Amino acid sequence: MPGHIASLYRYPVKGFTPERLEHADLKAGAYFPCDRVYAVENGPSGFDPAAPTFVSKGRFTVLARIPRVALARTAYDEASGVLTVTAQGCASFAGDLQGEAGRTAFAAWLTDFLGPEEVNGPLKVLCAPPHRFTDDIRGFVSVINLASVRDLEEKLGETVDPLRFRGNIHVEGWPAWSELEFAPGAEVRLGGVRAAVHKPITRCIATHVDPLTGERDIDLVPALRDLYGHLYCGIYLNVTGGGRVQDGDPAELA
């Protein structure tokens, strides 16, 4: 089943703006580069940076709980650690998230931006490398089949931005929903990279939020259930043989 990589994205801060990449260097057994490195705790979550473990996204400032997060446009410089944030009607922010002072300053900026109605307790920027704040403890790389998204929007009669699904790799050329037929452990080749299928991605109400407007405007979770009898869109992969991936690279079952 031939296909190709259409685009690549990373999300340095969980719940915030995607960053389009020209290429990415994937490593065996590793997460997508610079993806979900940081998360913003919304009140005490129980997360311990000294012994990091999985924490539900409901503990963080994410779209599923706070759609307004979509209006904070972020960009991260991996070399310097500096995160810049802009939002209409607000002063911009720039700070080094690799240092405690920068993380504290971003938490303060975000507290003002979100307002008291969205803040459950003190906001705190978390980081505990190599831990990542993914929604699945073994879902290291997420893949979205663009044909599946187009089939969904055709049935809904509404435009569905693939960025609602917050995937790392967008693929063209696969038949709609064929990715859900990939058996766990099946090998997928992405250019020169080898990866094993982990499982389909179960969707939540974060997908209801338009990533540009920050409005909840399409109830995609019940739509998936009613139209297809499942709540999936996309699959998780685990890299077994590393290398560089870029736009146009083949993406197919081995």
# chains A, B, ... in the order shown; residues from 1 in each chain; ligands from 1
$ residues_around --residues "Glu41 of chain A" --least-positions-apart "4" --cutoff "9 Å" --atoms "only C-alpha atoms" --output "number ranges by chain"
A: 45, 47, 59-61, 121-126
$ write_last_selection --atoms "C-alpha atoms" --output "mmCIF file, in the first residue's frame"
data_model
loop_
_atom_site.group_PDB
_atom_site.id
_atom_site.type_symbol
_atom_site.label_atom_id
_atom_site.label_comp_id
_atom_site.auth_asym_id
_atom_site.auth_seq_id
_atom_site.Cartn_x
_atom_site.Cartn_y
_atom_site.Cartn_z
ATOM 1 C CA SER A 45 -1.091 16.996 39.419
ATOM 2 C CA PHE A 47 3.766 14.688 38.831
ATOM 3 C CA ARG A 59 -4.190 17.788 34.757
ATOM 4 C CA PHE A 60 -2.665 20.149 32.192
ATOM 5 C CA THR A 61 -3.602 23.270 30.235
ATOM 6 C CA GLY A 121 -4.515 26.318 40.985
ATOM 7 C CA PRO A 122 -0.971 27.578 40.466
ATOM 8 C CA LEU A 123 0.234 26.929 36.927
ATOM 9 C CA LYS A 124 3.623 25.255 36.716
ATOM 10 C CA VAL A 125 5.702 24.371 33.660
ATOM 11 C CA LEU A 126 6.925 20.796 33.927
#
$ closest_atom_pairs --of "segment 56-151 of chain A" --to "segment 193-200 of chain A" --cutoff "9 Å" --atoms "only C-alpha atoms" --output "JSON lines"
{"residue": "A:Arg138", "atom": "CA", "partner": "A:His198", "partner_atom": "CA", "distance": 7.5}
{"residue": "A:Gly139", "atom": "CA", "partner": "A:His198", "partner_atom": "CA", "distance": 6.7}
{"residue": "A:Phe140", "atom": "CA", "partner": "A:His198", "partner_atom": "CA", "distance": 8.9}
$ closest_residue --among "A:Ala128, A:Val221, A:Leu227, A:Ile5" --to "Leu152 of chain A" --atoms "only C-alpha atoms"
A:Leu227
$ residues_around --residues "Leu224 of chain A" --least-positions-apart "2" --cutoff "12 Å" --atoms "only C-alpha atoms" --output "list of chain:residue names"
A:Ser148, A:Val149, A:Asp151, A:Leu152, A:Glu153, A:Lys155, A:Leu156, A:Trp177, A:Thr202, A:Arg203, A:Cys204, A:Ile205, A:Thr207, A:His208, A:Ile218, A:Asp219, A:Leu220, A:Val221, A:Pro222, A:Asp226, A:Leu227, A:Tyr228, A:Gly229, A:His230, A:Leu231, A:Tyr232, A:Cys233
$ atom_distance --atom1 "atom CA of Gly242 of chain A" --atom2 "atom CA of Phe165 of chain A"
24.3 Å
$ closest_residue --among "A:Pro49, A:Pro12, A:Gly191, A:Pro33" --to "Gly81 of chain A" --atoms "only C-alpha atoms"
A:Pro12
$ select_by_dssp --residues "segment 27-251 of chain A" --states "helix (DSSP H, G or I)" --output "MDAnalysis selection string"
chainID A and resid 57:59 67:71 100:114 146:156 162:165 178:181 205:208 220:228
$ residues_around --residues "Ser56 of chain A" --least-positions-apart "2" --cutoff "12 Å" --atoms "only C-alpha atoms" --output "VMD selection string"
chain A and resid 14 39 41 to 42 45 to 47 53 to 54 58 to 62 64 to 65 133 to 137
$ write_last_selection --atoms "C-alpha atoms" --output "PDB file, in the first residue's frame"
ATOM      1  CA  LYS A  14       1.719  19.889  25.289  1.00  0.00           C
ATOM      2  CA  ALA A  39       3.501  20.551  29.915  1.00  0.00           C
ATOM      3  CA  GLU A  41       0.316  21.778  35.255  1.00  0.00           C
ATOM      4  CA  ASN A  42      -3.070  23.320  36.102  1.00  0.00           C
ATOM      5  CA  SER A  45      -1.091  16.996  39.419  1.00  0.00           C
ATOM      6  CA  GLY A  46       1.062  14.689  41.506  1.00  0.00           C
ATOM      7  CA  PHE A  47       3.766  14.688  38.831  1.00  0.00           C
ATOM      8  CA  THR A  53       5.361   8.818  35.304  1.00  0.00           C
ATOM      9  CA  PHE A  54       2.308   9.153  33.079  1.00  0.00           C
ATOM     10  CA  GLY A  58      -6.773  16.516  32.276  1.00  0.00           C
ATOM     11  CA  ARG A  59      -4.190  17.788  34.757  1.00  0.00           C
ATOM     12  CA  PHE A  60      -2.665  20.149  32.192  1.00  0.00           C
ATOM     13  CA  THR A  61      -3.602  23.270  30.235  1.00  0.00           C
ATOM     14  CA  VAL A  62      -4.786  21.466  27.093  1.00  0.00           C
ATOM     15  CA  ALA A  64      -9.727  19.319  25.867  1.00  0.00           C
ATOM     16  CA  ARG A  65     -10.273  21.441  28.965  1.00  0.00           C
ATOM     17  CA  PHE A 133       3.931  14.255  28.134  1.00  0.00           C
ATOM     18  CA  THR A 134       2.221  12.076  25.555  1.00  0.00           C
ATOM     19  CA  ASP A 135      -1.326  10.718  25.832  1.00  0.00           C
ATOM     20  CA  ASP A 136      -0.080   7.128  25.610  1.00  0.00           C
ATOM     21  CA  ILE A 137       2.920   5.814  27.517  1.00  0.00           C
TER      22      ILE A 137
END
$ closest_atom_pairs --of "segment 85-168 of chain A" --to "segment 211-216 of chain A" --cutoff "12 Å" --atoms "only C-alpha atoms" --output "Markdown table"
| residue | atom | partner | partner_atom | distance |
| --- | --- | --- | --- | --- |
| A:Ala87 | CA | A:Thr213 | CA | 11.7 |
| A:Gln88 | CA | A:Thr213 | CA | 11.5 |
| A:Val160 | CA | A:Pro211 | CA | 10.4 |
| A:Asp161 | CA | A:Pro211 | CA | 8.0 |
| A:Pro162 | CA | A:Pro211 | CA | 9.6 |
| A:Leu163 | CA | A:Pro211 | CA | 6.9 |
| A:Arg164 | CA | A:Pro211 | CA | 6.2 |
| A:Phe165 | CA | A:Pro211 | CA | 9.7 |
| A:Arg166 | CA | A:Pro211 | CA | 9.5 |
$ select_by_dssp --residues "segment 1-248 of chain A" --states "strand (DSSP E or B)" --output "PyMOL selection string"
chain A and resi 4-10+13+19-21+23-26+38-42+60+73-77+82-86+93-96+123-126+141-145+169-172+187-190+193-202+209+216+232-241+243-246
$ closest_residue --among "A:Tyr236, A:Tyr9, A:Tyr76, A:Phe113" --to "Ala91 of chain A" --atoms "only C-alpha atoms"
A:Phe113
$ residues_around --residues "Ala6 of chain A" --least-positions-apart "5" --cutoff "6 Å" --atoms "only C-alpha atoms" --output "PyMOL selection string"
chain A and resi 170-172+247
$ write_last_selection --atoms "N, CA and C atoms" --output "mmCIF file, in the first residue's frame"
data_model
loop_
_atom_site.group_PDB
_atom_site.id
_atom_site.type_symbol
_atom_site.label_atom_id
_atom_site.label_comp_id
_atom_site.auth_asym_id
_atom_site.auth_seq_id
_atom_site.Cartn_x
_atom_site.Cartn_y
_atom_site.Cartn_z
ATOM 1 N N HIS A 170 1.750 13.398 8.871
ATOM 2 C CA HIS A 170 0.566 13.296 8.023
ATOM 3 C C HIS A 170 0.944 12.514 6.763
ATOM 4 N N VAL A 171 0.117 11.544 6.425
ATOM 5 C CA VAL A 171 0.406 10.651 5.304
ATOM 6 C C VAL A 171 -0.667 10.792 4.229
ATOM 7 N N GLU A 172 -0.233 10.848 2.980
ATOM 8 C CA GLU A 172 -1.108 10.791 1.812
ATOM 9 C C GLU A 172 -0.906 9.459 1.101
ATOM 10 N N ASP A 247 9.286 15.435 3.973
ATOM 11 C CA ASP A 247 8.164 15.465 3.056
ATOM 12 C C ASP A 247 8.493 14.658 1.791
#
$ atom_distance --atom1 "atom CA of Val119 of chain A" --atom2 "atom CA of Leu63 of chain A"
13.4 Å
$ closest_residue --among "A:Glu117, A:Glu181, A:Glu158, A:Asp249" --to "Ile66 of chain A" --atoms "only C-alpha atoms"
A:Glu117
$ atom_distance --atom1 "atom CA of Tyr38 of chain A" --atom2 "atom CA of Tyr11 of chain A"
9.0 Å
$ closest_residue --among "A:Gly43, A:Gly157, A:Gly241, A:Gly167" --to "Ala107 of chain A" --atoms "only C-alpha atoms"
A:Gly43
$ closest_residue --among "A:Val188, A:Leu146, A:Leu21, A:Leu8" --to "Gly173 of chain A" --atoms "only C-alpha atoms"
A:Leu146
